[in-house]
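K.L.:
My structure is below; once you've seen it, I'll send some questions.
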Amino acid sequence: MKIGFIGVGKIGQAIIKGLLSSQVNNQDIMVLKSQHHTAQKVAQKYHLFLANDYSALNVNEIVIVAVPQSALKAILEQLKAHYHGLIVSTSGGDLTAVNAELPVDTSFVKAVPNTPVQINAGITALSFADQESETNRNLVINLFQKLGQVYVVPEKLLGIYGTVAGCTPAFVDIMMEALSDAAVINGIPRQQSYQIITQMLLGTAQLAQKTQQHPGQLKDEVTTPGGSTIRGVAELEATGFRNALIQAVEAANK
Ligand SMILES: NC(=O)C1=CN([C@@H]2O[C@H](COP(=O)(O)OP(=O)(O)OC[C@H]3O[C@@H](n4cnc5c(N)ncnc54)[C@H](O)[C@@H]3O)[C@@H](O)[C@H]2O)C=CC1
Ligand SMILES: O=C(O)[C@@H]1CCC=N1
């Protein structure tokens, strides 16, 4: 399968890295030249084809558009004139409106991947137009499954799925930084604190995934009566940790 990219910033490159480490051949990935020279650098770095213009993209079965939302409209105009195939946008767009304007042999699909796709441990939420063919659905699902888990969701829920899977890595990264600061205050070297914290997160997530136990139950197993953990838990409740997370998701989902 040949895959083209328009926009190879953070998420575009994360997808490319994930594809390359899942045995997709670098010769099957093409990036469209951009005025910011990012595409040229990325093509060089990963030994990908560099497309000089939109018509060169037509050899691809899928074109992934990963640009700022403000750039999407103009790109879709160009694709409409020069490309026939599947367009997957990580940059928003309206499924019904965009599909209505595209030629019959061209389809518009929406995707919200998260940054762990670069190590094939990602989550991608996908939305298809009602009339999307089974063949196209499977092509896109199979592509993103190379990068981790895939959830096909109605368009009206794509935002919240994208927020819960795609924005929250940043929230967790902040939590890791804060935990590390606390460790450093108490004398643990910075690098070692990150090793401990990342392993703690991995282990905690794997335990929850493996046992399917309720998070509250897992928390109860850590909180020894009269012990240290419950004092920390009470402080988290007093400072509104749960509500901070709920409000952060609400704000991101607006
Ligand atoms: N970073 C993330 O974790 C995720 C981002 N997204 C969405 O994906 C889109 C891209 O996000 P990022 O990669 O983070 O942004 P970014 O700013 O890192 O990358 C955007 C890239 O698009 C290029 N670009 C801009 N206009 C262009 C044009 N007309 N033609 C070709 N290339 C053009 C820029 O040079 C830049 O390299 C955004 O709409 C974002 O909301 C979606 C899911 C996750
Ligand atoms: O911050 C953003 O807008 C994008 C969407 C999901 C992750 N990053």
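Labels used: A, B, ... for chains in the order of the structure tokens, numbers from 1 for residues in each chain, and numbers from 1 for ligands as shown.
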I'd like the contact shell of range 107-122 of chain A - 6 Å cut-off, only C-alpha atoms, skipping same-chain residues fewer than 6 positions apart - returned as a list in words.
P.N.:
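Listing them by chain and then by number gives Ala14, Ile15, Lys17, Gly18, Leu86, Ile87, Val88, Ser89, Thr90, Asn99, Phe128, Leu147, Gly148, Gly162 and Gly166 of chain A.
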K.L.:
Quick one: residues within 12 Å of ligand 2, with only C-alpha atoms and all ligand atoms, as number ranges by chain?
P.N.:
A: 9-12, 14, 66-70, 89-92, 111-116, 123-125, 158-171, 249, 251-254
K.L.:
Create the file for the chosen residues now, containing N, CA and C atoms and written as a CSV table (one decimal), in the first residue's frame.
P.N.:
```
chain,number,residue,atom,x,y,z
A,9,GLY,N,4.6,17.3,10.6
A,9,GLY,CA,5.0,17.8,11.9
A,9,GLY,C,5.0,16.7,13.0
A,10,LYS,N,4.5,17.1,14.1
A,10,LYS,CA,4.6,16.1,15.3
A,10,LYS,C,3.8,14.8,15.0
A,11,ILE,N,2.5,15.0,14.7
A,11,ILE,CA,1.7,13.8,14.5
A,11,ILE,C,2.0,13.0,13.2
A,12,GLY,N,2.3,13.8,12.2
A,12,GLY,CA,2.6,13.2,10.9
A,12,GLY,C,3.9,12.3,11.0
A,14,ALA,N,5.1,11.1,13.8
A,14,ALA,CA,4.8,10.0,14.7
A,14,ALA,C,4.2,8.8,14.0
A,66,ALA,N,-2.1,16.0,7.8
A,66,ALA,CA,-1.8,16.3,9.2
A,66,ALA,C,-1.2,17.7,9.3
A,67,VAL,N,-2.0,18.6,9.1
A,67,VAL,CA,-1.6,20.0,9.1
A,67,VAL,C,-2.5,20.8,10.1
A,68,PRO,N,-2.1,22.0,10.5
A,68,PRO,CA,-3.0,22.8,11.3
A,68,PRO,C,-4.4,22.9,10.7
A,69,GLN,N,-5.4,22.9,11.5
A,69,GLN,CA,-6.8,22.9,11.0
A,69,GLN,C,-7.0,24.0,10.0
A,70,SER,N,-6.4,25.2,10.2
A,70,SER,CA,-6.6,26.3,9.4
A,70,SER,C,-6.1,26.1,7.9
A,89,SER,N,-7.9,12.7,7.4
A,89,SER,CA,-7.5,13.9,8.0
A,89,SER,C,-7.3,13.8,9.5
A,90,THR,N,-6.2,14.2,10.0
A,90,THR,CA,-6.0,14.4,11.5
A,90,THR,C,-6.4,15.8,11.9
A,91,SER,N,-6.8,16.6,10.9
A,91,SER,CA,-6.9,18.0,11.1
A,91,SER,C,-8.4,18.5,11.1
A,92,GLY,N,-9.3,17.6,11.5
A,92,GLY,CA,-10.7,18.0,11.6
A,92,GLY,C,-11.3,17.9,10.2
A,111,ALA,N,-9.4,11.0,11.5
A,111,ALA,CA,-8.6,10.2,12.4
A,111,ALA,C,-8.0,11.1,13.5
A,112,VAL,N,-8.1,10.6,14.7
A,112,VAL,CA,-7.3,11.3,15.8
A,112,VAL,C,-6.4,10.2,16.5
A,113,PRO,N,-5.1,10.2,16.0
A,113,PRO,CA,-4.2,9.3,16.6
A,113,PRO,C,-3.5,10.0,17.8
A,114,ASN,N,-2.9,9.2,18.7
A,114,ASN,CA,-2.1,9.9,19.8
A,114,ASN,C,-0.6,9.7,19.5
A,115,THR,N,0.2,10.4,20.3
A,115,THR,CA,1.7,10.4,20.0
A,115,THR,C,2.3,9.0,20.2
A,116,PRO,N,1.8,8.1,21.1
A,116,PRO,CA,2.4,6.8,21.2
A,116,PRO,C,2.3,5.9,19.9
A,123,ILE,N,-3.3,4.9,20.2
A,123,ILE,CA,-4.7,4.7,20.0
A,123,ILE,C,-5.1,5.7,19.0
A,124,THR,N,-5.9,5.2,18.0
A,124,THR,CA,-6.4,6.1,17.0
A,124,THR,C,-8.0,5.9,16.9
A,125,ALA,N,-8.7,7.1,17.1
A,125,ALA,CA,-10.1,7.1,16.9
A,125,ALA,C,-10.4,7.5,15.4
A,158,LEU,N,-16.1,11.7,18.0
A,158,LEU,CA,-14.6,11.7,17.7
A,158,LEU,C,-13.8,12.7,18.6
A,159,GLY,N,-14.4,13.8,18.9
A,159,GLY,CA,-13.8,14.8,19.7
A,159,GLY,C,-13.4,14.3,21.1
A,160,ILE,N,-14.4,13.7,21.7
A,160,ILE,CA,-14.1,13.2,23.1
A,160,ILE,C,-13.2,12.0,23.1
A,161,TYR,N,-13.3,11.1,22.1
A,161,TYR,CA,-12.4,10.0,22.0
A,161,TYR,C,-11.0,10.5,21.8
A,162,GLY,N,-10.9,11.5,20.9
A,162,GLY,CA,-9.6,12.1,20.6
A,162,GLY,C,-9.0,12.8,21.8
A,163,THR,N,-9.9,13.4,22.6
A,163,THR,CA,-9.4,14.1,23.8
A,163,THR,C,-8.9,13.1,24.8
A,164,VAL,N,-9.7,12.1,25.1
A,164,VAL,CA,-9.3,11.2,26.2
A,164,VAL,C,-8.1,10.4,25.8
A,165,ALA,N,-7.9,10.1,24.5
A,165,ALA,CA,-6.7,9.3,24.1
A,165,ALA,C,-5.6,10.2,23.6
A,166,GLY,N,-5.9,11.3,23.0
A,166,GLY,CA,-4.9,12.1,22.2
A,166,GLY,C,-4.4,13.3,23.0
A,167,CYS,N,-5.2,13.9,23.9
A,167,CYS,CA,-4.7,15.1,24.6
A,167,CYS,C,-4.1,14.6,25.9
A,168,THR,N,-4.7,13.6,26.5
A,168,THR,CA,-4.2,13.2,27.9
A,168,THR,C,-2.8,12.7,28.0
A,169,PRO,N,-2.1,12.3,26.9
A,169,PRO,CA,-0.7,12.0,27.1
A,169,PRO,C,0.1,13.2,27.7
A,170,ALA,N,-0.4,14.4,27.3
A,170,ALA,CA,0.3,15.6,27.8
A,170,ALA,C,0.0,15.8,29.3
A,171,PHE,N,-1.2,15.5,29.7
A,171,PHE,CA,-1.6,15.6,31.1
A,171,PHE,C,-0.7,14.6,31.9
A,249,VAL,N,-10.1,17.7,30.8
A,249,VAL,CA,-10.7,17.0,29.6
A,249,VAL,C,-11.8,17.8,29.0
A,251,ALA,N,-12.2,21.1,29.1
A,251,ALA,CA,-11.6,22.2,28.4
A,251,ALA,C,-11.0,21.8,27.1
A,252,ALA,N,-10.3,20.7,27.0
A,252,ALA,CA,-9.7,20.2,25.8
A,252,ALA,C,-10.7,19.8,24.8
A,253,ASN,N,-11.9,19.4,25.2
A,253,ASN,CA,-12.9,18.9,24.3
A,253,ASN,C,-13.8,19.9,23.8
A,254,LYS,N,-13.6,21.2,24.2
A,254,LYS,CA,-14.5,22.3,23.7
A,254,LYS,C,-14.3,22.6,22.2
```
K.L.:
From a DSSP pass on the backbone, collect the residues of range 65-225 of chain A flagged as alpha helix (DSSP H) and hand them back as number ranges by chain.
P.N.:
A: 69-82, 95-101, 134-145, 155-162, 168-185, 190-211, 215-222
K.L.:
If DSSP is run on the backbone, what residues of range 129-226 of chain A are strand (DSSP E or B)? A reply as a list in words would be ideal.
P.N.:
Gly148, Gln149, Val150, Tyr151 and Val152 of chain A
K.L.:
With only C-alpha atoms and all ligand atoms as the basis for distance, which of A:Ile62, A:Ala71, A:Leu50, A:Lys41 is at the shortest distance from ligand 1?
P.N.:
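Using only C-alpha atoms and all ligand atoms, ligand 1 sits closest to A:Ala71.
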K.L.:
Excluding same-chain residues fewer than 3 positions from Val98 in chain A, what lies within 9 Å of it counting only C-alpha atoms, as a VMD selection string?
P.N.:
chain A and resid 76 93 to 95 101 to 102 107 to 108
K.L.:
Quick one: write out the picked residues with N, CA and C atoms as a PDB file, in the first residue's frame?
P.N.:
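File written: again_14.pdb
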```pdb
ATOM      1  N   LEU A  76      -7.625  20.581   0.814  1.00  0.00           N
ATOM      2  CA  LEU A  76      -8.706  19.762   0.237  1.00  0.00           C
ATOM      3  C   LEU A  76      -9.062  20.251  -1.175  1.00  0.00           C
ATOM      4  N   GLY A  93     -12.358  18.736   9.994  1.00  0.00           N
ATOM      5  CA  GLY A  93     -13.147  18.708   8.752  1.00  0.00           C
ATOM      6  C   GLY A  93     -14.493  18.072   9.037  1.00  0.00           C
ATOM      7  N   ASP A  94     -15.467  18.328   8.160  1.00  0.00           N
ATOM      8  CA  ASP A  94     -16.823  17.802   8.358  1.00  0.00           C
ATOM      9  C   ASP A  94     -17.037  16.660   7.368  1.00  0.00           C
ATOM     10  N   LEU A  95     -17.287  15.457   7.901  1.00  0.00           N
ATOM     11  CA  LEU A  95     -17.381  14.270   7.031  1.00  0.00           C
ATOM     12  C   LEU A  95     -18.382  14.452   5.898  1.00  0.00           C
ATOM     13  N   GLU A 101     -18.377  17.140  -1.550  1.00  0.00           N
ATOM     14  CA  GLU A 101     -17.683  17.951  -2.561  1.00  0.00           C
ATOM     15  C   GLU A 101     -16.604  17.176  -3.317  1.00  0.00           C
ATOM     16  N   LEU A 102     -16.307  15.975  -2.855  1.00  0.00           N
ATOM     17  CA  LEU A 102     -15.219  15.222  -3.485  1.00  0.00           C
ATOM     18  C   LEU A 102     -15.736  14.388  -4.658  1.00  0.00           C
ATOM     19  N   SER A 107     -12.581   9.627  -1.092  1.00  0.00           N
ATOM     20  CA  SER A 107     -13.292   9.601   0.195  1.00  0.00           C
ATOM     21  C   SER A 107     -12.523  10.352   1.249  1.00  0.00           C
ATOM     22  N   PHE A 108     -13.264  10.917   2.176  1.00  0.00           N
ATOM     23  CA  PHE A 108     -12.675  11.684   3.272  1.00  0.00           C
ATOM     24  C   PHE A 108     -12.993  10.986   4.600  1.00  0.00           C
TER      25      PHE A 108
END
```
K.L.:
Write out as an NGL selection string the residues lying within 12 Å of Gln44 in chain A, counting only C-alpha atoms and excluding same-chain residues fewer than 6 positions away.
P.N.:
:A and (26-27 or 30-31 or 33 or 37-38 or 50)
K.L.:
Determine the nearest neighbour of Val150 in chain A from the options A:Ala51, A:Ala182, A:Leu236, A:Leu126, counting only C-alpha atoms.
P.N.:
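So, comparing all the options, the nearest one is A:Leu126.
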